[in-house]
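Notes follow once the structure below has been shown.
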Amino acid sequence: MAANPNLSKGAMRGLTNFISDLRNAPNKENEEKRVTKEMAHIRKEFKENKNIDGYQRRKYVCKLIYMYMLGYELDFGHMEAVTLLSSSKFTEKQIGYISLGILLNESHEMLPLIINSFKEDLLARSDYFQALALAAVCNIGGKETAEFLAPLIQKLLIANTSAPLVKKRAALAILRMNRNHPGLVTPDSWVERLISVLDEQDFGVLNSLMSLLIDLVSEKAEGWEPAVPKVIHLLYKIIIQKENPKEYIYYHIPCPWLQVKLLRFLRYFPPLEDATGRRLTEILNAIFAISESAKAGTINHKNALNAVLFEAINLIIHHDNDPALLKQTSILLGRFITAKETNIRYLGLEAMSHFASLSNETSVMIKKYQDTVLCKLNELNGEHEIKRLRWLLIDYLVSLKDADISIRRRALDLLYGMCDKVTCKTIVAELLSYLQTADYNIREELVIKIANLAEKFASNYSWYVDVILQLITTAGDFVSDDIWFRVVKIVTNHEDIQTYAASTVFVALQNRNAHETLVKVGGYILGEFGHLIADNPASSPLIQFQTLHGKFATCGLQTKALLLSTYAKFVNLFPELTQQTQEVFRQHSSYIDAEIQQRACEYLNLTSLNEDLMQTVLDVIPAFSENKDLINSNSSGSAGIGNEISTPPSNTFSSGNNSHIGGNTSQLDLLDPFGLGVSSPSQQQQYQQQPPQYQQPIAQPQQFFSPQQQLQPENYQQEVGSPFGSGQHNNLLSPTASSGSPNTGSTGSPLDPLAIKIVNAYKRLCLVNDGVLYEDSIIQIGLKSEYNGAQGRIVLYYGNNSSFPLTSFNTTFESASSTLQLQPQSTAPNIQPKAQIQQPITFSCTGEFSESPTAAINFLTPGKPITIHLKLPIVISKFFDPLQLNSGDYFAKWKILPGKPVEIQEVFKTSKPIDMAHFNKVLSEGLNLTVNKGVDPNPNNLVASAQFPYAQNPMFVLLRIESNPQANMCRLTIRSQSAVISNATKQLIISHLS
Amino acid sequence: MVLSRPPKLCNFLEWKEYKIIFKRYASLFFVVCVDRSDNELIVLEIIHHFVEILDRYFGNVCELDLIFNFHKAYYILDELIMAGELQETSKKTVLRIMAQQDAQQENPSEHKVDL
């Protein structure tokens, strides 16, 4: 070593000895001992030796750095390094800078302290001092450095007096500062001057400058166009004219690094059509020619050559405007991917998948632009490509089995990118067979890609189903929920494959080791479509059930819950299975998991109570609304599906679903009041959460559950609900509107839009059972209700529409009538943003009442406390039983019932032309009155009746409406045993009909 | 990750959102981490370039040279790569600068304080 003159200079014996000591240490302990000893020694020296000289300080700092590099903590010595830094001797300064570069990073607290030293060195006369300071800025420059030194460094870059050594470092220092703190070099003031530096002769400076320019144009290419001809000219000089300094030739290639940077720079600009553009074409052709001619050579020669070549290829692909060059490119790439060198194969595959995605774009372009010339060009090109690609397919598949995971990844990407309708089946089949042997770290990616391809290019869906099932079988652990949700959705939406899917799934389930995901798919599909294959004795209902139940014990909770739903569906489809399934429900009716327990209890009741109800609830799922591609909709789409199929009847809404409640149409709200999906099983289950003591069948299941029928009252509601402002309504309005409404703080002016909204919502809900009761930007309150005899149950859903949590949430309810008492359950105290809580309230009616109960909802927002007063739409008519009477009975009853003062008569005016059919609907469907035909022969009159059975003695409500269509006037007469009922009924009818 | 790869595989690895490019010289691995969009081969040649310059400077470089003269290796690296970009592609230029810097060194023989 001593023979080497480079090493003898500046060598430090003490350092060398120290390093060999450490290297000779027989074990870690000895090394640590040696380090501790040295540290103590250095610390002592620094502290006590006032006469320490530069050499010693340098040596100690070097030793410290060495220890630091070995992984030992340093808690001193930084100041010594700074002392070295500010020395005027180059050697000391050099060590100082090196040590800071190693010890500090850009956020170190010491850094601001030494900026001044940087500045002094930047202003120094010595190039080397300047270079050292610039290097430090490049390596550890932070924000303060950028702010403080940027102008100085910029000057160094463009000054003619700066040495190349300084210039190139200045360019990189600016690059570094610009990366960390963009906006330092503004195009306006600097573009021209920086471009002028391109005239520089020194290749080292050009090289650094190009790095800076590439970084700048990658942020914003506008304004830099004047640089393009210069860059092309430089390339021309290097490649065609071969004018370049000898020292920059690297293995016979003139400065490959600069070439690569120049080519890359051009990628940020569109192709030029003028002479300069033609010159570029010449250059690119030359690059191809050079790579053709130079076959032999060292590996370094080849690497440098190919580095330039790949950069050129990427530029060509990027420009995508020269058919001749593109063709050449595809031939070259074809060769690369079969090359022996793994590096070349890797790069070839990468460029090829870039290329494949491009030719897809071209085909889209063909459809888009009917320009014939362009069309022809692209067609030729495209056809050629397809042939080539297919021919090369085999090569890719070989690559897919390459021993190198880097190559396999690229090959997979490429196959994915070039898949189309023609090649899809082959590719998917190959990928599937590859999946069986594939590495674990590539499987997940592979599964997603296969699923996507299968869906994207499926010509028939049975093939798709096959592919997914095979996916589950071979790599079930890697099949995410999204994928199986998707297959279920597609099967549901396509009737033609349902039978096929059912039988295939059934066969697949026969495998004893069927994956749990398969059990989920199987459970769903057999539950929905099992009946399609039930005629086959090999897959009779009983066998289907047994097949699934054989897997039940080993499944997770989610799957168990899903299977319970399947069994419930089986009961509906195959009554002969009732006994077995109910047995299962019974077994699980006290299961430890609440979800499963709930399902078991509900299904047990559902399947043993009422057949109509069961049929409706367990009817076939209608087609899902078609949405989005799997990969694009991973978050929103699948969350939706998740709610519908697999999650429990949950009380939290996915935010994705919630968003469309925000939409205004009240019709939508009614159909799908809580965004759960119109007819999902879980929604219906939720509906069914009736307390077990309800033994009576629900009177009108159809009306409860069919969205179509719910729609009808809504339709006319929109018509009759709109007029507003007659004297009658003040009555109705006052309790609600008198309260401060959260948004407007209004005091109940009837014209307040929010108050109108509240009243309309209330009125609508008097007629129907479910809907939105209240909504503003902070909270949405939805309501579902059920009535069964004298019992009622409503569930209020409080959804937080705001972006902040609602705290101290509490509610109080008041009923003015002693015959109607509410028993609310308590609620959670907080609602998180976009979350929702629910509050069930049960009540029973023991007699007539006229006033609806009220609710006060209190909570705190970050700004202020808010109280919302609402009327709950619990009205007397909800407890009516329709009463069918013929003419004779009607008049007999009418006579028994007391006349005035209990009889009530009122004349009201309608704001719209009188439509008796409407009246009919409101009364019969909304208010539970039977409109008796043939009692009053006058078509402009109607009579209706109902029974209120929950007072001490059953009461009757009889009424008559006489209308005068010409005058839009009506006269309403009501008789009942109770003035309270008569009054309440009158108010309801008038508010809804006038 | 790098060490576990058999010698015949390619010199590129995908790691997080970066690429790792490495080359082995005898028992030494030179590892570079770059953006995915960077030109792989040219980075590979940067490594080689660095090694060649080390070789010239130290005269048939070996591991021990780098260990005992780590600060010199840093000087060379500083000449070669800065702010993540190659700054000088000419071997001659780098070596010339190194020689000039060395010329500024003081004569070490004056100091013989050993430990």
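Every chain in the structure tokens takes a letter, A first, then B, and so on in the order presented; its residues are numbered from 1, and the ligands are numbered from 1 following the presented order.
The list of chain A residues within 6 Å of chain B is Gly10, Gly14, Thr91, Cys138, Arg176, Gly204, Ser208, Glu247, Tyr248, Asn303, Ala307, Thr342, Asn343, Asp404 and Ser406 of chain A; this uses only C-alpha atoms.
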Expected answer as a VMD selection string: strand (DSSP E) residues in chain B:
chain B and resid 12 to 15 18 to 25 28 to 35 81 to 82 85 to 86
Export C-alpha atoms of the chosen residues as an mmCIF file, in the first residue's frame?
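Final file, again.cif:
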data_model
loop_
_atom_site.group_PDB
_atom_site.id
_atom_site.type_symbol
_atom_site.label_atom_id
_atom_site.label_comp_id
_atom_site.auth_asym_id
_atom_site.auth_seq_id
_atom_site.Cartn_x
_atom_site.Cartn_y
_atom_site.Cartn_z
ATOM 1 C CA PHE B 12 -32.695 -5.306 -10.821
ATOM 2 C CA LEU B 13 -35.143 -5.705 -8.003
ATOM 3 C CA GLU B 14 -38.416 -3.968 -7.377
ATOM 4 C CA TRP B 15 -38.664 -2.778 -3.826
ATOM 5 C CA TYR B 18 -38.216 2.001 -5.930
ATOM 6 C CA LYS B 19 -35.876 -0.151 -7.872
ATOM 7 C CA ILE B 20 -32.785 -1.617 -6.398
ATOM 8 C CA ILE B 21 -29.903 -2.037 -8.756
ATOM 9 C CA PHE B 22 -26.869 -3.891 -7.559
ATOM 10 C CA LYS B 23 -23.649 -5.358 -8.756
ATOM 11 C CA ARG B 24 -21.196 -7.641 -7.135
ATOM 12 C CA TYR B 25 -17.464 -7.221 -7.375
ATOM 13 C CA LEU B 28 -18.347 -6.500 -2.366
ATOM 14 C CA PHE B 29 -21.871 -5.572 -3.280
ATOM 15 C CA PHE B 30 -22.583 -2.130 -4.630
ATOM 16 C CA VAL B 31 -26.245 -1.345 -4.154
ATOM 17 C CA VAL B 32 -28.105 1.641 -5.568
ATOM 18 C CA CYS B 33 -31.709 2.543 -4.962
ATOM 19 C CA VAL B 34 -33.383 4.538 -7.735
ATOM 20 C CA ASP B 35 -36.792 5.664 -8.901
ATOM 21 C CA ILE B 81 -22.454 11.449 -7.497
ATOM 22 C CA MET B 82 -24.133 14.406 -5.975
ATOM 23 C CA GLU B 85 -27.220 12.433 -9.916
ATOM 24 C CA LEU B 86 -24.033 11.489 -11.644
#
Shell around Ala429 of chain A at 12 Å using only C-alpha atoms, local window under 6 positions removed, as an NGL selection string
:A and (397 or 415 or 423 or 435-436 or 450-451 or 453-454 or 463-464 or 466-468 or 470-471)
Next, dump the selected residues to file, keeping only N, CA, C and O atoms, as a PDB file, in the first residue's frame.
ATOM      1  N   LEU A 397     -44.680 -16.457 -21.970  1.00  0.00           N
ATOM      2  CA  LEU A 397     -45.036 -17.497 -21.019  1.00  0.00           C
ATOM      3  C   LEU A 397     -43.783 -18.180 -20.498  1.00  0.00           C
ATOM      4  O   LEU A 397     -43.722 -18.577 -19.344  1.00  0.00           O
ATOM      5  N   LEU A 415     -48.350  -9.505 -19.983  1.00  0.00           N
ATOM      6  CA  LEU A 415     -49.472 -10.344 -20.391  1.00  0.00           C
ATOM      7  C   LEU A 415     -50.777  -9.652 -20.077  1.00  0.00           C
ATOM      8  O   LEU A 415     -51.716  -9.652 -20.864  1.00  0.00           O
ATOM      9  N   THR A 423     -56.889 -12.982 -27.445  1.00  0.00           N
ATOM     10  CA  THR A 423     -55.865 -13.745 -26.735  1.00  0.00           C
ATOM     11  C   THR A 423     -56.273 -14.111 -25.313  1.00  0.00           C
ATOM     12  O   THR A 423     -55.583 -14.868 -24.653  1.00  0.00           O
ATOM     13  N   LEU A 435     -50.650 -20.254 -11.883  1.00  0.00           N
ATOM     14  CA  LEU A 435     -51.021 -19.939 -10.498  1.00  0.00           C
ATOM     15  C   LEU A 435     -50.759 -21.122  -9.569  1.00  0.00           C
ATOM     16  O   LEU A 435     -50.385 -20.962  -8.412  1.00  0.00           O
ATOM     17  N   GLN A 436     -50.962 -22.323 -10.113  1.00  0.00           N
ATOM     18  CA  GLN A 436     -50.811 -23.497  -9.249  1.00  0.00           C
ATOM     19  C   GLN A 436     -49.400 -23.636  -8.717  1.00  0.00           C
ATOM     20  O   GLN A 436     -49.188 -24.156  -7.632  1.00  0.00           O
ATOM     21  N   ILE A 450     -56.082 -12.052 -12.953  1.00  0.00           N
ATOM     22  CA  ILE A 450     -56.896 -13.052 -13.654  1.00  0.00           C
ATOM     23  C   ILE A 450     -58.373 -12.677 -13.547  1.00  0.00           C
ATOM     24  O   ILE A 450     -59.109 -12.679 -14.538  1.00  0.00           O
ATOM     25  N   ALA A 451     -58.794 -12.330 -12.346  1.00  0.00           N
ATOM     26  CA  ALA A 451     -60.216 -12.007 -12.152  1.00  0.00           C
ATOM     27  C   ALA A 451     -60.612 -10.843 -13.040  1.00  0.00           C
ATOM     28  O   ALA A 451     -61.684 -10.828 -13.645  1.00  0.00           O
ATOM     29  N   LEU A 453     -59.152  -9.803 -15.872  1.00  0.00           N
ATOM     30  CA  LEU A 453     -59.139 -10.181 -17.282  1.00  0.00           C
ATOM     31  C   LEU A 453     -60.379 -10.989 -17.607  1.00  0.00           C
ATOM     32  O   LEU A 453     -61.039 -10.759 -18.623  1.00  0.00           O
ATOM     33  N   ALA A 454     -60.691 -11.947 -16.734  1.00  0.00           N
ATOM     34  CA  ALA A 454     -61.817 -12.829 -16.999  1.00  0.00           C
ATOM     35  C   ALA A 454     -63.103 -12.022 -17.131  1.00  0.00           C
ATOM     36  O   ALA A 454     -63.938 -12.291 -17.991  1.00  0.00           O
ATOM     37  N   TRP A 463     -67.890 -19.242 -18.785  1.00  0.00           N
ATOM     38  CA  TRP A 463     -66.420 -19.310 -18.741  1.00  0.00           C
ATOM     39  C   TRP A 463     -65.901 -18.491 -17.564  1.00  0.00           C
ATOM     40  O   TRP A 463     -65.024 -18.907 -16.830  1.00  0.00           O
ATOM     41  N   TYR A 464     -66.491 -17.340 -17.407  1.00  0.00           N
ATOM     42  CA  TYR A 464     -66.084 -16.471 -16.295  1.00  0.00           C
ATOM     43  C   TYR A 464     -66.272 -17.173 -14.957  1.00  0.00           C
ATOM     44  O   TYR A 464     -65.370 -17.191 -14.108  1.00  0.00           O
ATOM     45  N   ASP A 466     -66.392 -20.324 -14.401  1.00  0.00           N
ATOM     46  CA  ASP A 466     -65.382 -21.378 -14.296  1.00  0.00           C
ATOM     47  C   ASP A 466     -64.051 -20.822 -13.806  1.00  0.00           C
ATOM     48  O   ASP A 466     -63.423 -21.390 -12.919  1.00  0.00           O
ATOM     49  N   VAL A 467     -63.664 -19.717 -14.412  1.00  0.00           N
ATOM     50  CA  VAL A 467     -62.358 -19.147 -14.075  1.00  0.00           C
ATOM     51  C   VAL A 467     -62.306 -18.762 -12.601  1.00  0.00           C
ATOM     52  O   VAL A 467     -61.361 -19.103 -11.891  1.00  0.00           O
ATOM     53  N   ILE A 468     -63.356 -18.109 -12.142  1.00  0.00           N
ATOM     54  CA  ILE A 468     -63.330 -17.647 -10.756  1.00  0.00           C
ATOM     55  C   ILE A 468     -63.338 -18.834  -9.796  1.00  0.00           C
ATOM     56  O   ILE A 468     -62.609 -18.868  -8.807  1.00  0.00           O
ATOM     57  N   GLN A 470     -62.180 -21.707 -10.345  1.00  0.00           N
ATOM     58  CA  GLN A 470     -60.860 -22.323 -10.374  1.00  0.00           C
ATOM     59  C   GLN A 470     -59.874 -21.490  -9.551  1.00  0.00           C
ATOM     60  O   GLN A 470     -59.020 -22.035  -8.866  1.00  0.00           O
ATOM     61  N   LEU A 471     -60.043 -20.188  -9.642  1.00  0.00           N
ATOM     62  CA  LEU A 471     -59.207 -19.296  -8.831  1.00  0.00           C
ATOM     63  C   LEU A 471     -59.365 -19.634  -7.355  1.00  0.00           C
ATOM     64  O   LEU A 471     -58.392 -19.750  -6.621  1.00  0.00           O
TER      65      LEU A 471
END
Identify, on the basis of only C-alpha atoms, every residue whose closest approach to Cys845 of chain A does not exceed 9 Å; exclude the query and any residue fewer than 2 positions from it along the same chain; express the result as a list in words.
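After dropping sequence-adjacent residues, the list is Gly789, Ala790, Gln791, Gly792, Thr819, Leu820, Gln821, Phe843, Gly847, Glu848, Phe849, Phe879, Tyr950 and Ala951 of chain A.
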Using only C-alpha atoms, which protein or nucleic acid residues come within 9 Å of Ser503 of chain A? Drop anything in the same chain fewer than 5 positions from it, and give the result as a compact mmCIF listing (two decimals) with C-alpha atoms, in the first residue's frame.
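And here's part_27.txt as it stands now:
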# COMPACT_ATOMS: atom_id res chain seq x y z
CA GLN A 498 -77.69 -19.25 -13.11
CA ALA A 508 -67.07 -27.90 -6.66
CA LEU A 526 -77.47 -22.37 -4.01
CA GLY A 530 -80.43 -24.05 -5.91
CA LEU A 532 -82.78 -24.68 -10.68
CA ILE A 533 -80.84 -27.87 -10.18
CA SER A 539 -78.41 -32.53 -6.33
Have a look at atom CA of Arg409 of chain A and atom CA of Leu347 of chain A and let me know their distance in Å, one decimal.
11.7 Å
Can you list, as a list in words, every residue of segment 751-785 of chain A that DSSP puts in alpha helix (DSSP H)?
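The residues of segment 751-785 of chain A classed as alpha helix (DSSP H) are Pro753, Leu754, Ala755, Ile756, Lys757, Ile758, Val759, Asn760, Ala761, Tyr762, Lys763, Arg764, Leu765, Cys766 and Leu767 of chain A.
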Spatial neighbours of Pro226 of chain A, 12 Å, only C-alpha atoms, chain gap at least 3 places, as a list in words:
Val191, Glu192, Arg193, Leu194, Ile195, Ser196, Leu198, Ala221, Glu222, Gly223, Pro229, Lys230, Val231, Ile232, His233, Leu266, Phe269 and Thr276 of chain A
Selection file, C-alpha atoms, as a compact mmCIF listing (two decimals), in the first residue's frame:
# COMPACT_ATOMS: atom_id res chain seq x y z
CA VAL A 191 -35.37 29.67 -18.17
CA GLU A 192 -33.39 31.73 -20.63
CA ARG A 193 -30.26 31.86 -18.58
CA LEU A 194 -30.32 28.17 -17.84
CA ILE A 195 -30.89 27.37 -21.48
CA SER A 196 -27.92 29.49 -22.37
CA LEU A 198 -26.50 24.53 -22.65
CA ALA A 221 -42.59 21.72 -19.44
CA GLU A 222 -44.06 24.99 -20.69
CA GLY A 223 -41.55 27.68 -21.32
CA PRO A 229 -33.51 22.28 -30.54
CA LYS A 230 -30.38 22.76 -28.48
CA VAL A 231 -30.73 19.35 -26.91
CA ILE A 232 -31.31 17.73 -30.28
CA HIS A 233 -28.32 19.57 -31.63
CA LEU A 266 -37.03 15.09 -25.06
CA PHE A 269 -42.05 17.48 -25.24
CA THR A 276 -35.14 19.59 -36.08
Got a sec: who's within 10 Å of segment 855-860 of chain A, counting only C-alpha atoms, leaving out chain neighbours fewer than 3 positions off, as an MDAnalysis selection string?
chainID A and resid 736 739 798 805:815 829:831 852 863:872
Would you mind exporting the chosen residues as a tab-separated table (two decimals), in the first residue's frame, restricted to N, CA and C atoms?
chain	number	residue	atom	x	y	z
A	736	THR	N	-93.85	22.11	15.87
A	736	THR	CA	-92.52	21.85	15.33
A	736	THR	C	-91.78	23.14	15.05
A	739	SER	N	-89.80	25.78	17.48
A	739	SER	CA	-88.47	25.56	18.04
A	739	SER	C	-87.42	26.15	17.12
A	798	TYR	N	-80.26	8.20	13.55
A	798	TYR	CA	-79.61	9.51	13.55
A	798	TYR	C	-78.30	9.38	12.78
A	805	PRO	N	-67.76	15.29	14.92
A	805	PRO	CA	-68.60	14.42	15.73
A	805	PRO	C	-69.67	15.23	16.48
A	806	LEU	N	-70.80	14.62	16.67
A	806	LEU	CA	-71.85	15.23	17.48
A	806	LEU	C	-71.74	14.62	18.87
A	807	THR	N	-71.63	15.47	19.86
A	807	THR	CA	-71.39	14.95	21.20
A	807	THR	C	-72.58	15.25	22.11
A	808	SER	N	-72.53	14.67	23.29
A	808	SER	CA	-73.60	14.80	24.30
A	808	SER	C	-74.97	14.60	23.68
A	809	PHE	N	-75.04	13.60	22.87
A	809	PHE	CA	-76.28	13.37	22.14
A	809	PHE	C	-77.31	12.76	23.10
A	810	ASN	N	-78.45	13.38	23.21
A	810	ASN	CA	-79.52	12.76	23.98
A	810	ASN	C	-80.87	13.17	23.44
A	811	THR	N	-81.84	12.37	23.74
A	811	THR	CA	-83.17	12.62	23.21
A	811	THR	C	-84.18	12.51	24.34
A	812	THR	N	-85.23	13.31	24.27
A	812	THR	CA	-86.34	13.14	25.20
A	812	THR	C	-87.63	13.11	24.39
A	813	PHE	N	-88.56	12.32	24.88
A	813	PHE	CA	-89.81	12.17	24.17
A	813	PHE	C	-90.96	12.53	25.11
A	814	GLU	N	-91.97	13.14	24.53
A	814	GLU	CA	-93.11	13.53	25.35
A	814	GLU	C	-94.38	13.18	24.63
A	815	SER	N	-95.24	12.58	25.35
A	815	SER	CA	-96.55	12.31	24.77
A	815	SER	C	-97.58	13.07	25.59
A	829	PRO	N	-73.81	8.35	23.30
A	829	PRO	CA	-73.69	9.79	23.53
A	829	PRO	C	-73.05	10.56	22.37
A	830	ASN	N	-72.35	9.87	21.49
A	830	ASN	CA	-71.64	10.57	20.42
A	830	ASN	C	-71.95	9.93	19.08
A	831	ILE	N	-71.96	10.76	18.05
A	831	ILE	CA	-72.06	10.22	16.69
A	831	ILE	C	-70.87	10.73	15.92
A	852	SER	N	-99.84	13.97	18.43
A	852	SER	CA	-98.69	13.09	18.23
A	852	SER	C	-97.65	13.41	19.29
A	863	GLY	N	-69.43	24.20	17.52
A	863	GLY	CA	-69.76	25.61	17.69
A	863	GLY	C	-70.76	25.86	18.80
A	864	LYS	N	-71.84	25.12	18.83
A	864	LYS	CA	-72.92	25.49	19.72
A	864	LYS	C	-73.81	24.27	19.99
A	865	PRO	N	-74.57	24.37	21.03
A	865	PRO	CA	-75.54	23.31	21.29
A	865	PRO	C	-76.74	23.45	20.34
A	866	ILE	N	-77.30	22.35	19.98
A	866	ILE	CA	-78.42	22.39	19.04
A	866	ILE	C	-79.54	21.55	19.60
A	867	THR	N	-80.74	22.05	19.48
A	867	THR	CA	-81.92	21.29	19.87
A	867	THR	C	-82.87	21.26	18.69
A	868	ILE	N	-83.34	20.09	18.39
A	868	ILE	CA	-84.31	19.97	17.31
A	868	ILE	C	-85.58	19.40	17.91
A	869	HIS	N	-86.69	20.09	17.67
A	869	HIS	CA	-87.98	19.59	18.14
A	869	HIS	C	-88.73	19.03	16.96
A	870	LEU	N	-89.19	17.83	17.12
A	870	LEU	CA	-89.91	17.21	16.01
A	870	LEU	C	-91.16	16.55	16.54
A	871	LYS	N	-92.17	16.46	15.68
A	871	LYS	CA	-93.32	15.64	16.01
A	871	LYS	C	-93.10	14.26	15.43
A	872	LEU	N	-93.38	13.25	16.20
A	872	LEU	CA	-93.26	11.90	15.67
A	872	LEU	C	-94.55	11.54	14.96
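One finds atom CA of His78 of chain A at 17.7 Å from atom CA of Leu132 of chain A.
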Atom-to-atom span, atom CA of Ala984 of chain A and atom CA of Asp889 of chain A, Å:
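Separating atom CA of Ala984 of chain A from atom CA of Asp889 of chain A is a distance of 23.9 Å.
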Name the closest residue to His918 of chain A among the candidates A:Val217, A:Leu993, A:Ile174, A:Leu988; distances are taken between atoms, counting only C-alpha atoms.
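Once distances to His918 of chain A are computed over only C-alpha atoms, the minimum belongs to A:Leu993.
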